[in-house]
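The structure appears below as structure tokens.
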Amino acid sequence: MIGRWLPPALVFGLIALLGYGLLQPARDPVSVLVGKTAPHFSLKDTEGKEHDLARVGRPVVVNFWASWCQPCHAEAAALVETARQHPDVQFFGILYNDATGKHQDYIRRYGVNYPTLFDPSSRTAIAYGVGQIPDTFVIDAAGKIIFHYLGAVTDSPQARDNFEKALREVEASAGSVSRVASGVASESSSPLTSTPASTPIQLSLEDERRVQQIGMKIHCPICSGESIAQSQTDIARDMLSQVRQMVAAGQNEREILEFFKGRYGERILLEPPKTGLTGLLWALPLVVLLLGAAGWWSRVRNTGVRVLSAEEEARIQALISDEAAKRGDDTQ
Amino acid sequence: MTDFLGLSLSLTGALGTLSLLFALLLALYALACSWRAGARPDARLEESARRALWSVAGLVTLSVGVLEYAILNDDFSVRYVAQHSMTVSPLWVKIVTLWAALEGSILLWAWVLSIYAALVAWVARRDVLRPWVMGVMSLSLLFFIGLNLTVVSPFTPVAQLLSEGKGPNPLLQNHWMMAVHPVLMYFGFVGLSVPFAYGVAALLTGRLGESWLIQTRRWTLVAWGFLTMAIVSGGWWSYEILGWGGYWAWDPVENASFVPWLLATAFLHSVQVQERRRLLKGWNIYLIVFGYAATVLGTFLTRSGVVESVHAFGTGPVGAIFLGFFAVLVLLGVGLVTWRLPRLRETGLGTALSREGGILAGNIIFVVFAVLVVLATLFPIFLEAVRGFRTVVGTPFYNQFAIPLGLFLLLGMGLTPLMPWRGAGGLPRLWELARVAVVAGVVAGVAALGLGVRNPSLIVTVALCAFNVAGLADMTLSTLRTRAKNGKATTLIGLVREFPRRYGAYLAHVGIVILALGVGFSSTYAAREEVTLNLSQPKTVLGKQVTLLTLANEKFPEKSSKVARVQVGGEELLPRLNNYVNMPQEIAMPAVKTHFIEDTYVTLLSANAAQGWATIALIKSPLVSWIWWGTVLVMLGTAITFGARVGKDALVTREKGS
């Protein structure tokens with residue numbers, strides 16, 4: 001009988017899958033932007049000077065950090081040293097959701113020798129698909145992202161080697177390629193002000209509802225399961241404000257979801273695609289429900305065995321318990 | 001080497017470790033005794049096992065007391081205290097710090113388990129099952145106490161004494177619910193270990209009749225009641241602190257508590273089929289085995305970081321150990337059932353449109369629901385195995401199956417109590433019994449449509465809710481009428497006294513109906529709008545006049561807060577932004593005014609007191625409070641059912657009417 005061995009087989013499969021998931025080292029996703037043109041930015045640094053990526057004309061390292069982030073502190077000194085050793089590479093630090101005002105201490109403490117840029121409403125962070133930090137990108141002289149690492153570049157000797165290798169690569173190719181203008185349009189160059197961080201764009205109630213609906217389908221990149229419409233984290237609120245801006249500009253849901261997918265990868269969508277492997281997932285509910293229905297029918301269908309009436313069963317029961325009482329047995 | 005307890009480093013830590021060590025030895029002793037007594041009846045060994053279990057409870061209680069003492073006295077020589085507590089926290093936060101982090105929460109688990117084990121040893125019937133039940137409980141105890149002594153020891157001393165601890169996670173200090181929800185959850189989770197132990201005992205002894213089920217009915221009810229309260233209070237907690245106005249997000253932690261609840265709910269219903277018709281024996285054992293195993297699986301999922309979409313930072317070996325325990329539990333249960341299956345002689349029910357057919361259908365939907373939640377939670381792991389990176393499976397996917405399955409369950413909940421056992425009387429009789437309910441359902445559905453409800457699943461929800469309530473009312477009234485006609489007139493209270501199990505269940509069903517309406521309306525009609533307000537300049541938001549009255553900064557030892565006094569309509573609310581000393585980022589503490597029809601909910605998003613502006617989100621969600629009130633009714637119903645006398649009420653010869 002298959003039914004007898006089905007549960008043990010399923011249980012073995014489940015345990016095997018879980019064991020695999022556990023033993024699998026946690027791999028950080030590589031940014032989908034690697035190999036693509038670096039999103040453009042033009043941001044002001046802490047001294048008020050504007051830096052335009054398209055005008056740098058050299059290889060660039062972009063490092064997103066915040067003074068509240070522990071791993072950022074861990075890599076800061078090494079990053080400053082690396083920048084010193086590679087004078088032909090332009091380093092930029094971009095402040096990520098750091099409203100505490102403690103970034104100056106950080107800059108002083110580690111002697112940060114390259115510009116630190118403000119990123120109002122996280123527009124640049126979103127363009128680079130940044131969620132957790134530190135997050136580091138290496139961009140070659142042609143404006144293409146050739147390397148990405150999530151976490152402190154000092155995490156492991158291997159991470160450090162890969163970073164160094166990428167730096168040498170962009171330096172080597174820097175001479176031969178002339179700078180081309182970036183194809184990605186500038187998204188924000190508004191100066192940092194002390195007015196409400198994201199001056200709400202006034203949308204109709206209908207459009208605002210659409211914003212919330214779209215927001216419900218986008219995963220907050222630093223949360224576990226919450227959407228950007230739900231999470232109160234800074235990055236989620238900034239992403240939602242980006243959605244608002246895109247809705248105001250007349251973009252539809254598909255375009256907006258595509259934009260976020262293009263920056264963060266598929267993991268940013270709370271609704272997995274209905275095609276390919278994840279299509280399997282969408283088919284599951286129906287399959288499991290049909291199996292359940294079949295199981296139910298096989299149990300309840302009339303097999304020709306007469307269902308005993310309550311009286312008949314009571315009589316049988318009385319006989320059994322008499323028998324059991326004689327044997328001094330109370331359970332069967 | 002002589003000071004393996006770390007006596008020279010921390011006296012309190014050493015005392016805690018020592019009492020856990022003795023508890024472990026006694027649990028081992030209880031296991032050995034009950035095993036012997038089970039294999040060959042021996043009253044003295046069995047008595048010895050009982051006393052050992054009582055002592056284990058005493059010793060684990062002592063170690064819990066020691067840890068609590070260390071926290072309250074800021075004894076930073078204990079690592080747990082140094083890492084998760086701080087001197088400036090208010091008293092209640094210190095008390096709950098006991099279970100605010102991994103080590104302490106496992107100790108709480110062990111404590112609750114030791115209490116259940118002691119209670120079972122105390123009240124269990126003296127029969128052949130008892131030694132095995134105590135044995136299985138001792139096995140669980142060994143695991144959790146052992147865990148507390150090794151990889152997640154809360155009593156490890158620190159070598160370098162600090163003057164201030166790191167403090168608890170700020171999210172956990174934001175609301176007093178932290179004091180209640182986890183404790184309820186553990187009483188629910190751990191409570192399922194008792195019916196599990198009985199199930200395993202029944203399999204081991206081969207006494208697979210109804211005796212074990214009847215004995216576990218109250219245990220299951222208690223565990224289920226705690227689990228229900230825990231899940232709803234968790235939802236309430238999320239609603240009160242997360243600031244987006246929702247209470248459920250299908251995240252792995254929530255799913256971990258929901259799966260055991262689904263299986264336990266199925267079990268509560270299917271045991272009736274075994275009691276009445278002696279069928280579904282294997283099914284019931286499977287349900288309870290997987291129900292208890294699911295609590296361990298859930299703990300594994302939430303502690304090991306395997307399903308976290310967020311980059312997991314070193315979680316230690318505890319995940320692997322929980323997976324191992326999960327494997328032991330399910331392999332033990334499933335192995336035993338597979339071995340005993342020929343003896344269960346399972347036959348079909350032979351009738352579809354009957355009480356038992358309905359219960360089985362509902363059961364299968366509960367199980368399908370649980371399977372889908374587990375699969376959706378685990379799907380990211382599967383995807384990673386196949387293509388190397390993860391995907392998030394979020395709310396939209398869950399809703400796609402949870403809404404239809406929920407509606408099926410509502411239908412089954414209304415229809416099944418109307419159907420006679422064995423399908424007596426066939427379809428004509430069923431129509432006669434269900435007529436009133438069906439008419440009420442249709443009328444309510446049409447009325448909802450007429451009143452402007454346009455969401456199809458909400459219309460169906462309303463119709464099914466009316467169907468449920470009308471069906472229950474009709475049955476109760478007709479019983480009262482029949483009684484009066486037969487000269488045995490009684491009141492509703494009299495009926496409840498006479499059949500506590502049935503009317504407790506009816507009340508619980510009414511509670512679920514109210515809860516379902518709350519969920520349906522609040523999820524369909526929630527509205528949210530963000531607005532930036534300047535001091536005393538009113539704006540109209542979501543049809544209400546909203547004014548920022550004052551904006552202040554407050555300082556406390558453990559945090560500083562921005563507090564906005566916001567007038568919404570005629571009400572004043574005080575949403576805050578808290579900045580805890582041990583966390584760099586601000587977290588919002590929303591203000592909620594609960595009303596019968598529509599809650600007013602304000603979250604402070606950002607504020608500047610000097611410049612006199614604040615950005616707030618105003619959320620309106622109708623009928624949210626019905627979820628909490630519905631749960632209160634469910635709990636009342638559970639309590640009434642609990643009062644039913646064990647054994648007698650379950651006899652096959654009972655029952656007339658319905």
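Labeling convention for the structure tokens: chains A, B, ... as they appear, residues from 1 per chain, ligands from 1 in order of appearance.
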
As a list in words, please: the residues near B:Thr479 (cut-off 12 Å, only C-alpha atoms, same-chain neighbours under 5 positions excluded). Leu433, Leu472, Ala473, Asp474, Ala484, Lys485, Asn486, Lys488, Ala489, Thr490, Thr491, Leu492, Gly494, Leu495, Val496, Phe499, Tyr503, Lys656, Gly657 and Ser658 of chain B

Would you pick out the contacts of stretch 10-15 of chain B at 8 Å or less, using only C-alpha atoms, so that residues sharing its chain but fewer than 2 positions from it are not included, and give the list as a PDB file with all heavy atoms, in the first residue's frame?
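In the end it all went to part17.pdb:
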```pdb
ATOM      1  N   LEU B   5      32.174  25.299  36.556  1.00  0.00           N
ATOM      2  CA  LEU B   5      30.934  26.078  36.629  1.00  0.00           C
ATOM      3  C   LEU B   5      31.195  27.578  36.514  1.00  0.00           C
ATOM      4  O   LEU B   5      30.273  28.359  36.388  1.00  0.00           O
ATOM      5  CB  LEU B   5      30.221  25.813  37.960  1.00  0.00           C
ATOM      6  CG  LEU B   5      29.662  24.412  38.151  1.00  0.00           C
ATOM      7  CD1 LEU B   5      29.165  24.248  39.569  1.00  0.00           C
ATOM      8  CD2 LEU B   5      28.542  24.141  37.172  1.00  0.00           C
ATOM      9  N   GLY B   6      32.438  27.961  36.562  1.00  0.00           N
ATOM     10  CA  GLY B   6      32.758  29.387  36.533  1.00  0.00           C
ATOM     11  C   GLY B   6      32.430  30.073  37.842  1.00  0.00           C
ATOM     12  O   GLY B   6      32.035  31.220  37.888  1.00  0.00           O
ATOM     13  N   LEU B   7      32.604  29.308  38.943  1.00  0.00           N
ATOM     14  CA  LEU B   7      32.227  29.814  40.264  1.00  0.00           C
ATOM     15  C   LEU B   7      32.970  31.094  40.619  1.00  0.00           C
ATOM     16  O   LEU B   7      32.400  32.026  41.186  1.00  0.00           O
ATOM     17  CB  LEU B   7      32.541  28.734  41.306  1.00  0.00           C
ATOM     18  CG  LEU B   7      31.699  28.745  42.569  1.00  0.00           C
ATOM     19  CD1 LEU B   7      30.234  28.560  42.216  1.00  0.00           C
ATOM     20  CD2 LEU B   7      32.163  27.651  43.517  1.00  0.00           C
ATOM     21  N   SER B   8      34.265  31.127  40.228  1.00  0.00           N
ATOM     22  CA  SER B   8      35.060  32.303  40.583  1.00  0.00           C
ATOM     23  C   SER B   8      34.635  33.526  39.785  1.00  0.00           C
ATOM     24  O   SER B   8      34.884  34.652  40.172  1.00  0.00           O
ATOM     25  CB  SER B   8      36.540  32.016  40.340  1.00  0.00           C
ATOM     26  OG  SER B   8      36.701  31.687  38.969  1.00  0.00           O
ATOM     27  N   THR B  17      23.548  27.203  36.554  1.00  0.00           N
ATOM     28  CA  THR B  17      24.051  26.045  35.826  1.00  0.00           C
ATOM     29  C   THR B  17      23.897  24.781  36.656  1.00  0.00           C
ATOM     30  O   THR B  17      23.476  23.735  36.163  1.00  0.00           O
ATOM     31  CB  THR B  17      25.536  26.237  35.475  1.00  0.00           C
ATOM     32  OG1 THR B  17      25.664  27.497  34.819  1.00  0.00           O
ATOM     33  CG2 THR B  17      26.033  25.151  34.555  1.00  0.00           C
ATOM     34  N   LEU B  18      24.213  24.908  37.935  1.00  0.00           N
ATOM     35  CA  LEU B  18      24.154  23.752  38.816  1.00  0.00           C
ATOM     36  C   LEU B  18      22.724  23.210  38.905  1.00  0.00           C
ATOM     37  O   LEU B  18      22.498  22.008  38.809  1.00  0.00           O
ATOM     38  CB  LEU B  18      24.654  24.153  40.207  1.00  0.00           C
ATOM     39  CG  LEU B  18      25.196  23.019  41.067  1.00  0.00           C
ATOM     40  CD1 LEU B  18      26.398  22.376  40.382  1.00  0.00           C
ATOM     41  CD2 LEU B  18      25.582  23.546  42.448  1.00  0.00           C
ATOM     42  N   SER B  19      21.747  24.086  39.044  1.00  0.00           N
ATOM     43  CA  SER B  19      20.385  23.585  39.190  1.00  0.00           C
ATOM     44  C   SER B  19      19.913  22.968  37.878  1.00  0.00           C
ATOM     45  O   SER B  19      19.181  21.982  37.875  1.00  0.00           O
ATOM     46  CB  SER B  19      19.443  24.686  39.682  1.00  0.00           C
ATOM     47  OG  SER B  19      19.326  25.694  38.728  1.00  0.00           O
ATOM     48  N   SER B  63      16.218  27.744  38.457  1.00  0.00           N
ATOM     49  CA  SER B  63      17.176  28.397  37.559  1.00  0.00           C
ATOM     50  C   SER B  63      16.537  29.601  36.876  1.00  0.00           C
ATOM     51  O   SER B  63      17.209  30.608  36.634  1.00  0.00           O
ATOM     52  CB  SER B  63      17.736  27.399  36.544  1.00  0.00           C
ATOM     53  OG  SER B  63      16.697  26.850  35.796  1.00  0.00           O
ATOM     54  N   VAL B  66      16.826  32.270  39.319  1.00  0.00           N
ATOM     55  CA  VAL B  66      18.199  32.781  39.410  1.00  0.00           C
ATOM     56  C   VAL B  66      18.472  33.780  38.289  1.00  0.00           C
ATOM     57  O   VAL B  66      19.014  34.865  38.510  1.00  0.00           O
ATOM     58  CB  VAL B  66      19.205  31.608  39.352  1.00  0.00           C
ATOM     59  CG1 VAL B  66      20.621  32.128  39.120  1.00  0.00           C
ATOM     60  CG2 VAL B  66      19.140  30.790  40.626  1.00  0.00           C
ATOM     61  N   LEU B  67      18.033  33.419  37.059  1.00  0.00           N
ATOM     62  CA  LEU B  67      18.294  34.311  35.931  1.00  0.00           C
ATOM     63  C   LEU B  67      17.536  35.628  36.117  1.00  0.00           C
ATOM     64  O   LEU B  67      18.077  36.715  35.886  1.00  0.00           O
ATOM     65  CB  LEU B  67      17.895  33.640  34.610  1.00  0.00           C
ATOM     66  CG  LEU B  67      18.275  34.435  33.356  1.00  0.00           C
ATOM     67  CD1 LEU B  67      19.770  34.683  33.298  1.00  0.00           C
ATOM     68  CD2 LEU B  67      17.823  33.708  32.093  1.00  0.00           C
ATOM     69  N   ALA B  70      19.305  37.698  38.572  1.00  0.00           N
ATOM     70  CA  ALA B  70      20.505  38.318  37.996  1.00  0.00           C
ATOM     71  C   ALA B  70      20.132  39.534  37.151  1.00  0.00           C
ATOM     72  O   ALA B  70      20.805  40.569  37.191  1.00  0.00           O
ATOM     73  CB  ALA B  70      21.259  37.299  37.145  1.00  0.00           C
ATOM     74  N   SER B  77      27.884  39.847  35.575  1.00  0.00           N
ATOM     75  CA  SER B  77      28.845  38.754  35.506  1.00  0.00           C
ATOM     76  C   SER B  77      28.255  37.583  34.719  1.00  0.00           C
ATOM     77  O   SER B  77      28.952  36.687  34.296  1.00  0.00           O
ATOM     78  CB  SER B  77      29.228  38.292  36.915  1.00  0.00           C
ATOM     79  OG  SER B  77      28.107  37.699  37.543  1.00  0.00           O
ATOM     80  N   VAL B  78      26.932  37.627  34.496  1.00  0.00           N
ATOM     81  CA  VAL B  78      26.283  36.612  33.675  1.00  0.00           C
ATOM     82  C   VAL B  78      26.175  37.166  32.260  1.00  0.00           C
ATOM     83  O   VAL B  78      25.676  38.273  32.060  1.00  0.00           O
ATOM     84  CB  VAL B  78      24.874  36.284  34.232  1.00  0.00           C
ATOM     85  CG1 VAL B  78      24.169  35.296  33.329  1.00  0.00           C
ATOM     86  CG2 VAL B  78      24.981  35.742  35.648  1.00  0.00           C
ATOM     87  N   PHE B 155      23.618  30.994  31.443  1.00  0.00           N
ATOM     88  CA  PHE B 155      24.380  31.253  32.675  1.00  0.00           C
ATOM     89  C   PHE B 155      25.880  31.348  32.465  1.00  0.00           C
ATOM     90  O   PHE B 155      26.645  31.395  33.414  1.00  0.00           O
ATOM     91  CB  PHE B 155      24.077  30.167  33.711  1.00  0.00           C
ATOM     92  CG  PHE B 155      22.651  30.187  34.158  1.00  0.00           C
ATOM     93  CD1 PHE B 155      21.775  29.166  33.836  1.00  0.00           C
ATOM     94  CD2 PHE B 155      22.161  31.265  34.886  1.00  0.00           C
ATOM     95  CE1 PHE B 155      20.453  29.201  34.238  1.00  0.00           C
ATOM     96  CE2 PHE B 155      20.844  31.315  35.289  1.00  0.00           C
ATOM     97  CZ  PHE B 155      19.986  30.279  34.970  1.00  0.00           C
ATOM     98  N   THR B 156      26.323  31.356  31.215  1.00  0.00           N
ATOM     99  CA  THR B 156      27.748  31.478  30.969  1.00  0.00           C
ATOM    100  C   THR B 156      28.261  32.769  31.616  1.00  0.00           C
ATOM    101  O   THR B 156      27.686  33.827  31.410  1.00  0.00           O
ATOM    102  CB  THR B 156      28.020  31.543  29.454  1.00  0.00           C
ATOM    103  OG1 THR B 156      27.299  30.499  28.840  1.00  0.00           O
ATOM    104  CG2 THR B 156      29.490  31.431  29.154  1.00  0.00           C
ATOM    105  N   PRO B 157      29.317  32.680  32.414  1.00  0.00           N
ATOM    106  CA  PRO B 157      29.827  33.906  33.031  1.00  0.00           C
ATOM    107  C   PRO B 157      30.661  34.701  32.036  1.00  0.00           C
ATOM    108  O   PRO B 157      31.086  34.183  31.017  1.00  0.00           O
ATOM    109  CB  PRO B 157      30.710  33.378  34.161  1.00  0.00           C
ATOM    110  CG  PRO B 157      31.121  32.023  33.723  1.00  0.00           C
ATOM    111  CD  PRO B 157      30.060  31.486  32.820  1.00  0.00           C
ATOM    112  N   VAL B 158      30.844  35.979  32.312  1.00  0.00           N
ATOM    113  CA  VAL B 158      31.750  36.767  31.473  1.00  0.00           C
ATOM    114  C   VAL B 158      33.055  36.965  32.211  1.00  0.00           C
ATOM    115  O   VAL B 158      33.077  37.132  33.425  1.00  0.00           O
ATOM    116  CB  VAL B 158      31.171  38.146  31.112  1.00  0.00           C
ATOM    117  CG1 VAL B 158      30.187  38.024  29.994  1.00  0.00           C
ATOM    118  CG2 VAL B 158      30.541  38.819  32.305  1.00  0.00           C
TER     119      VAL B 158
END
```

From the list B:Tyr601, B:Trp431, B:Phe143, B:Trp339, the nearest residue to chain A using only C-alpha atoms is B:Trp339

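Proximity of A:Leu79, A:Val170, A:Ala152, A:Leu284 to chain B, computed with only C-alpha atoms, is greatest for A:Leu284.
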
Exercise: stretch 531-546 of chain B partners within 12 Å, only C-alpha atoms, chain neighbours under 6 positions left out, as a PyMOL selection string: (chain A and resi 195-205+208-209) or (chain B and resi 552+564-573+600-621)

Okay, now the selection with C-alpha atoms, as a JSON list (two decimals), in the first residue's frame?
```
[["chain", "number", "residue", "atom", "x", "y", "z"],
["A", 195, "THR", "CA", 12.54, 70.82, 5.17],
["A", 196, "PRO", "CA", 10.49, 67.64, 5.61],
["A", 197, "ALA", "CA", 12.63, 64.93, 4.07],
["A", 198, "SER", "CA", 10.23, 63.86, 1.38],
["A", 199, "THR", "CA", 7.88, 66.68, 0.65],
["A", 200, "PRO", "CA", 4.87, 64.55, -0.23],
["A", 201, "ILE", "CA", 3.82, 64.76, -3.83],
["A", 202, "GLN", "CA", 0.11, 65.48, -3.78],
["A", 203, "LEU", "CA", -1.64, 62.59, -5.48],
["A", 204, "SER", "CA", -5.32, 61.95, -5.92],
["A", 205, "LEU", "CA", -6.77, 59.43, -3.47],
["A", 208, "GLU", "CA", -2.34, 57.12, -3.62],
["A", 209, "ARG", "CA", -4.23, 53.85, -3.34],
["B", 552, "ALA", "CA", 7.73, 67.98, 22.31],
["B", 564, "ALA", "CA", 3.31, 64.81, 18.74],
["B", 565, "ARG", "CA", -0.10, 65.72, 20.12],
["B", 566, "VAL", "CA", -2.39, 65.29, 17.15],
["B", 567, "GLN", "CA", -6.08, 66.03, 17.07],
["B", 568, "VAL", "CA", -8.02, 63.81, 14.67],
["B", 569, "GLY", "CA", -11.68, 64.74, 14.49],
["B", 570, "GLY", "CA", -12.63, 65.06, 18.14],
["B", 571, "GLU", "CA", -9.84, 62.90, 19.51],
["B", 572, "GLU", "CA", -6.32, 63.56, 20.67],
["B", 573, "LEU", "CA", -3.61, 61.05, 19.93],
["B", 600, "THR", "CA", -8.11, 55.85, 14.45],
["B", 601, "TYR", "CA", -4.44, 55.15, 13.96],
["B", 602, "VAL", "CA", -1.67, 57.71, 13.71],
["B", 603, "THR", "CA", 2.02, 57.01, 13.09],
["B", 604, "LEU", "CA", 4.61, 59.75, 13.49],
["B", 605, "LEU", "CA", 7.00, 59.45, 10.55],
["B", 606, "SER", "CA", 9.31, 62.39, 11.13],
["B", 607, "ALA", "CA", 9.19, 65.57, 13.14],
["B", 608, "ASN", "CA", 11.14, 68.67, 13.96],
["B", 609, "ALA", "CA", 10.11, 70.39, 17.16],
["B", 610, "ALA", "CA", 12.25, 73.48, 16.53],
["B", 611, "GLN", "CA", 10.68, 74.13, 13.14],
["B", 612, "GLY", "CA", 7.24, 73.02, 14.25],
["B", 613, "TRP", "CA", 6.38, 70.41, 11.63],
["B", 614, "ALA", "CA", 5.60, 66.72, 11.68],
["B", 615, "THR", "CA", 4.88, 64.17, 8.99],
["B", 616, "ILE", "CA", 2.27, 61.65, 10.04],
["B", 617, "ALA", "CA", 0.45, 58.74, 8.47],
["B", 618, "LEU", "CA", -3.25, 58.51, 9.27],
["B", 619, "ILE", "CA", -4.70, 55.05, 8.93],
["B", 620, "LYS", "CA", -8.34, 54.09, 9.10],
["B", 621, "SER", "CA", -9.20, 50.43, 9.23]]
```

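Between B:Phe189 and the residues B:Val273, B:Leu548, B:Leu108, B:Ala32, the shortest atom-to-atom distance, using only C-alpha atoms, involves B:Leu108.
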
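Nearest-residue note for chain B: choosing from A:Gln90, A:Gln245, A:Ser321, A:Ser231, the minimum distance belongs to A:Ser231, counting only C-alpha atoms.
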
Which residues of stretch 32-130 of chain A come within 12 Å of stretch 211-230 of chain A, and for each one, what is the closest pair of atoms and their distance in Å to one decimal, counting only C-alpha atoms, sorted by chain and residue number, as JSON lines?
```
{"residue": "A:Ala125", "atom": "CA", "partner": "A:Pro221", "partner_atom": "CA", "distance": 11.6}
{"residue": "A:Ile126", "atom": "CA", "partner": "A:Pro221", "partner_atom": "CA", "distance": 10.2}
{"residue": "A:Gly129", "atom": "CA", "partner": "A:Pro221", "partner_atom": "CA", "distance": 8.8}
{"residue": "A:Val130", "atom": "CA", "partner": "A:Pro221", "partner_atom": "CA", "distance": 7.9}
```

Prev. selection, all heavy atoms, output as a short mmCIF file (atom, residue, chain, number, x, y, z; two decimals), in the first residue's frame:
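What ended up in result-v2.cif:
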```cif
data_model
loop_
_atom_site.label_atom_id
_atom_site.label_comp_id
_atom_site.auth_asym_id
_atom_site.auth_seq_id
_atom_site.Cartn_x
_atom_site.Cartn_y
_atom_site.Cartn_z
N ALA A 125 20.84 55.49 -3.70
CA ALA A 125 20.90 54.16 -3.10
C ALA A 125 19.91 53.23 -3.80
O ALA A 125 20.23 52.08 -4.13
CB ALA A 125 20.60 54.24 -1.60
N ILE A 126 18.70 53.73 -4.05
CA ILE A 126 17.68 52.91 -4.72
C ILE A 126 18.14 52.58 -6.14
O ILE A 126 18.01 51.45 -6.60
CB ILE A 126 16.32 53.64 -4.72
CG1 ILE A 126 15.82 53.79 -3.28
CG2 ILE A 126 15.31 52.89 -5.57
CD1 ILE A 126 14.63 54.72 -3.15
N GLY A 129 20.28 49.77 -6.06
CA GLY A 129 19.73 48.56 -5.44
C GLY A 129 20.31 48.29 -4.07
O GLY A 129 20.59 47.14 -3.71
N VAL A 130 20.49 49.33 -3.28
CA VAL A 130 21.11 49.15 -1.97
C VAL A 130 20.04 48.91 -0.90
O VAL A 130 19.03 49.60 -0.87
CB VAL A 130 21.95 50.39 -1.58
CG1 VAL A 130 22.51 50.24 -0.18
CG2 VAL A 130 23.07 50.59 -2.59
#
```

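Interatomic distance, atom CA of B:Gly637 to atom CA of B:Gln272: 16.9 Å.
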
Please report, as a PyMOL selection string, each residue of stretch 17-258 of chain A to which DSSP assigns helix (DSSP H, G or I) when run on this structure's backbone. chain A and resi 17-23+53-55+70-85+103-110+120-127+157-174+205-215+234-248+253-258

Find the residues near B:Phe325: any atom within 12 Å, counting only C-alpha atoms, skip ones fewer than 5 places away on the same chain, and give them as a ChimeraX atom specification. /A:15 /B:139-144,146-147,292-300,318-320,330-332

Contacts of A:Lys44 within 6 Å, only C-alpha atoms, excl. fewer than 5 positions in-chain, as a VMD selection string: chain A and resid 49 to 50 117 to 118
